[in-house]
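Colleague: Before I ask anything, let me first share the structure, which is written out below as structure tokens.
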Amino acid sequence: MKKIEKFILPGLIVIVVALLYFFYFAPTDELGSFANFDRDSNASIPIVVKYVAEKGVQINSEGSTFYVVDRTGKEYLVNGPAELPVGFKVSNAIEIMGHFSGAGFHAHGVEVKN
């Protein structure tokens, strides 16, 4: 009985940490909201959004420009890297890493989520 008792507390701690990870910190494919972003911050933060195919993508020597929509339905202009990942235009969700810059969002990285 003594051996079992010394595993109860560590076991409970492992269960609590696992629950926190799976329900709070685990990555998700759900769309995020730009409303949570600080417009004055230059910190690069990831957000999952949906590409607006109707507006297309413009690619030039400086990078790419395209539109995305967040979970609230608000549309934003994104200035991103010149090379976009395979499947970008047909994906249901993309993750962009970046920050607000002026009237749009400056993405340092683009990744297809599904």
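All residue names refer to the structure tokens as shown: chains lettered A, B, ... in order, residues numbered from 1 in each chain, ligands numbered from 1 in order.
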Pull the strand (DSSP E or B) assignments for segment 9-113 of chain A out of DSSP run on the backbone, and list those residues as number ranges by chain.
Modeller: A: 45-51, 57-60, 63-69, 75-80, 94-101, 104-112
Colleague: Could you save those same residues with N, CA and C atoms as a compact mmCIF listing (two decimals), in the first residue's frame?
Modeller:
# COMPACT_ATOMS: atom_id res chain seq x y z
N ILE A 45 3.34 37.17 -34.12
CA ILE A 45 2.40 36.27 -33.47
C ILE A 45 1.69 35.45 -34.54
N PRO A 46 1.53 34.14 -34.33
CA PRO A 46 0.83 33.32 -35.32
C PRO A 46 -0.69 33.44 -35.18
N ILE A 47 -1.39 33.37 -36.32
CA ILE A 47 -2.85 33.36 -36.32
C ILE A 47 -3.32 32.50 -37.49
N VAL A 48 -4.36 31.73 -37.26
CA VAL A 48 -4.94 30.89 -38.31
C VAL A 48 -6.09 31.67 -38.94
N VAL A 49 -6.06 31.82 -40.27
CA VAL A 49 -7.06 32.58 -41.01
C VAL A 49 -7.43 31.83 -42.29
N LYS A 50 -8.39 32.38 -43.02
CA LYS A 50 -8.81 31.78 -44.29
C LYS A 50 -8.45 32.73 -45.43
N TYR A 51 -7.86 32.19 -46.47
CA TYR A 51 -7.47 32.96 -47.65
C TYR A 51 -8.71 33.32 -48.46
N VAL A 57 -3.94 36.73 -55.51
CA VAL A 57 -2.63 37.02 -54.92
C VAL A 57 -1.82 37.81 -55.93
N GLN A 58 -1.19 38.89 -55.50
CA GLN A 58 -0.26 39.63 -56.34
C GLN A 58 1.14 39.35 -55.81
N ILE A 59 2.02 38.87 -56.71
CA ILE A 59 3.40 38.57 -56.32
C ILE A 59 4.34 39.43 -57.15
N ASN A 60 5.26 40.13 -56.46
CA ASN A 60 6.27 40.93 -57.15
C ASN A 60 7.62 40.71 -56.46
N GLY A 63 7.54 40.85 -52.56
CA GLY A 63 6.78 39.86 -51.79
C GLY A 63 5.41 39.63 -52.39
N SER A 64 4.51 39.11 -51.58
CA SER A 64 3.16 38.83 -52.04
C SER A 64 2.15 39.67 -51.28
N THR A 65 1.02 39.90 -51.91
CA THR A 65 -0.08 40.62 -51.29
C THR A 65 -1.34 39.82 -51.52
N PHE A 66 -2.09 39.57 -50.45
CA PHE A 66 -3.33 38.82 -50.56
C PHE A 66 -4.24 39.19 -49.39
N TYR A 67 -5.49 38.76 -49.47
CA TYR A 67 -6.47 39.06 -48.43
C TYR A 67 -6.83 37.79 -47.67
N VAL A 68 -7.08 37.97 -46.37
CA VAL A 68 -7.52 36.87 -45.51
C VAL A 68 -8.72 37.35 -44.70
N VAL A 69 -9.45 36.38 -44.15
CA VAL A 69 -10.59 36.69 -43.28
C VAL A 69 -10.41 35.92 -41.98
N GLU A 75 -12.13 41.20 -43.03
CA GLU A 75 -11.13 40.97 -44.07
C GLU A 75 -9.93 41.89 -43.86
N TYR A 76 -8.72 41.33 -44.06
CA TYR A 76 -7.48 42.09 -43.87
C TYR A 76 -6.54 41.88 -45.04
N LEU A 77 -5.82 42.93 -45.40
CA LEU A 77 -4.77 42.86 -46.41
C LEU A 77 -3.50 42.34 -45.75
N VAL A 78 -2.85 41.37 -46.39
CA VAL A 78 -1.62 40.79 -45.85
C VAL A 78 -0.49 40.98 -46.85
N ASN A 79 0.62 41.50 -46.39
CA ASN A 79 1.86 41.57 -47.17
C ASN A 79 2.75 40.46 -46.65
N GLY A 80 3.06 39.50 -47.53
CA GLY A 80 3.80 38.34 -47.08
C GLY A 80 5.02 38.05 -47.93
N ILE A 94 -4.97 28.78 -43.23
CA ILE A 94 -3.54 29.02 -43.30
C ILE A 94 -3.11 29.70 -42.00
N GLU A 95 -1.87 29.47 -41.62
CA GLU A 95 -1.33 30.14 -40.44
C GLU A 95 -0.32 31.17 -40.92
N ILE A 96 -0.54 32.42 -40.52
CA ILE A 96 0.40 33.47 -40.86
C ILE A 96 1.07 33.94 -39.57
N MET A 97 2.36 34.19 -39.65
CA MET A 97 3.13 34.65 -38.50
C MET A 97 3.58 36.07 -38.81
N GLY A 98 3.18 37.02 -37.98
CA GLY A 98 3.58 38.39 -38.24
C GLY A 98 2.96 39.38 -37.27
N HIS A 99 2.82 40.63 -37.74
CA HIS A 99 2.30 41.71 -36.90
C HIS A 99 1.62 42.75 -37.79
N PHE A 100 0.83 43.63 -37.17
CA PHE A 100 0.19 44.71 -37.92
C PHE A 100 1.23 45.76 -38.29
N SER A 101 1.08 46.29 -39.50
CA SER A 101 1.98 47.32 -40.00
C SER A 101 1.14 48.27 -40.84
N GLY A 104 -2.39 47.23 -42.83
CA GLY A 104 -2.48 45.80 -43.10
C GLY A 104 -1.66 44.97 -42.12
N PHE A 105 -1.52 43.71 -42.47
CA PHE A 105 -0.78 42.76 -41.64
C PHE A 105 0.47 42.36 -42.39
N HIS A 106 1.62 42.42 -41.74
CA HIS A 106 2.88 42.03 -42.36
C HIS A 106 3.23 40.63 -41.89
N ALA A 107 3.18 39.66 -42.81
CA ALA A 107 3.44 38.26 -42.48
C ALA A 107 4.89 37.92 -42.77
N HIS A 108 5.56 37.34 -41.80
CA HIS A 108 6.94 36.87 -41.98
C HIS A 108 6.96 35.44 -42.47
N GLY A 109 5.87 34.72 -42.24
CA GLY A 109 5.80 33.33 -42.65
C GLY A 109 4.36 32.92 -42.92
N VAL A 110 4.17 32.00 -43.86
CA VAL A 110 2.85 31.49 -44.21
C VAL A 110 2.95 29.97 -44.25
N GLU A 111 1.98 29.30 -43.62
CA GLU A 111 1.98 27.84 -43.56
C GLU A 111 0.55 27.33 -43.80
N VAL A 112 0.42 26.29 -44.61
CA VAL A 112 -0.88 25.67 -44.87
C VAL A 112 -1.22 24.78 -43.68
Colleague: Can you work out the spacing between atom CA of Val86 of chain A and atom CA of Ala53 of chain A in Å, to one decimal?
Modeller: 14.7 Å
Colleague: Work out how far atom CA of Ser91 of chain A is from atom CA of Phe37 of chain A, in Å to one decimal.
Modeller: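 Those two atoms sit 23.4 Å apart.
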Colleague: Quick check, in Å to one decimal: how far apart do atom CA of Pro85 of chain A and atom CA of Val52 of chain A lie?
Modeller: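 Interatomic distance here is 15.6 Å.
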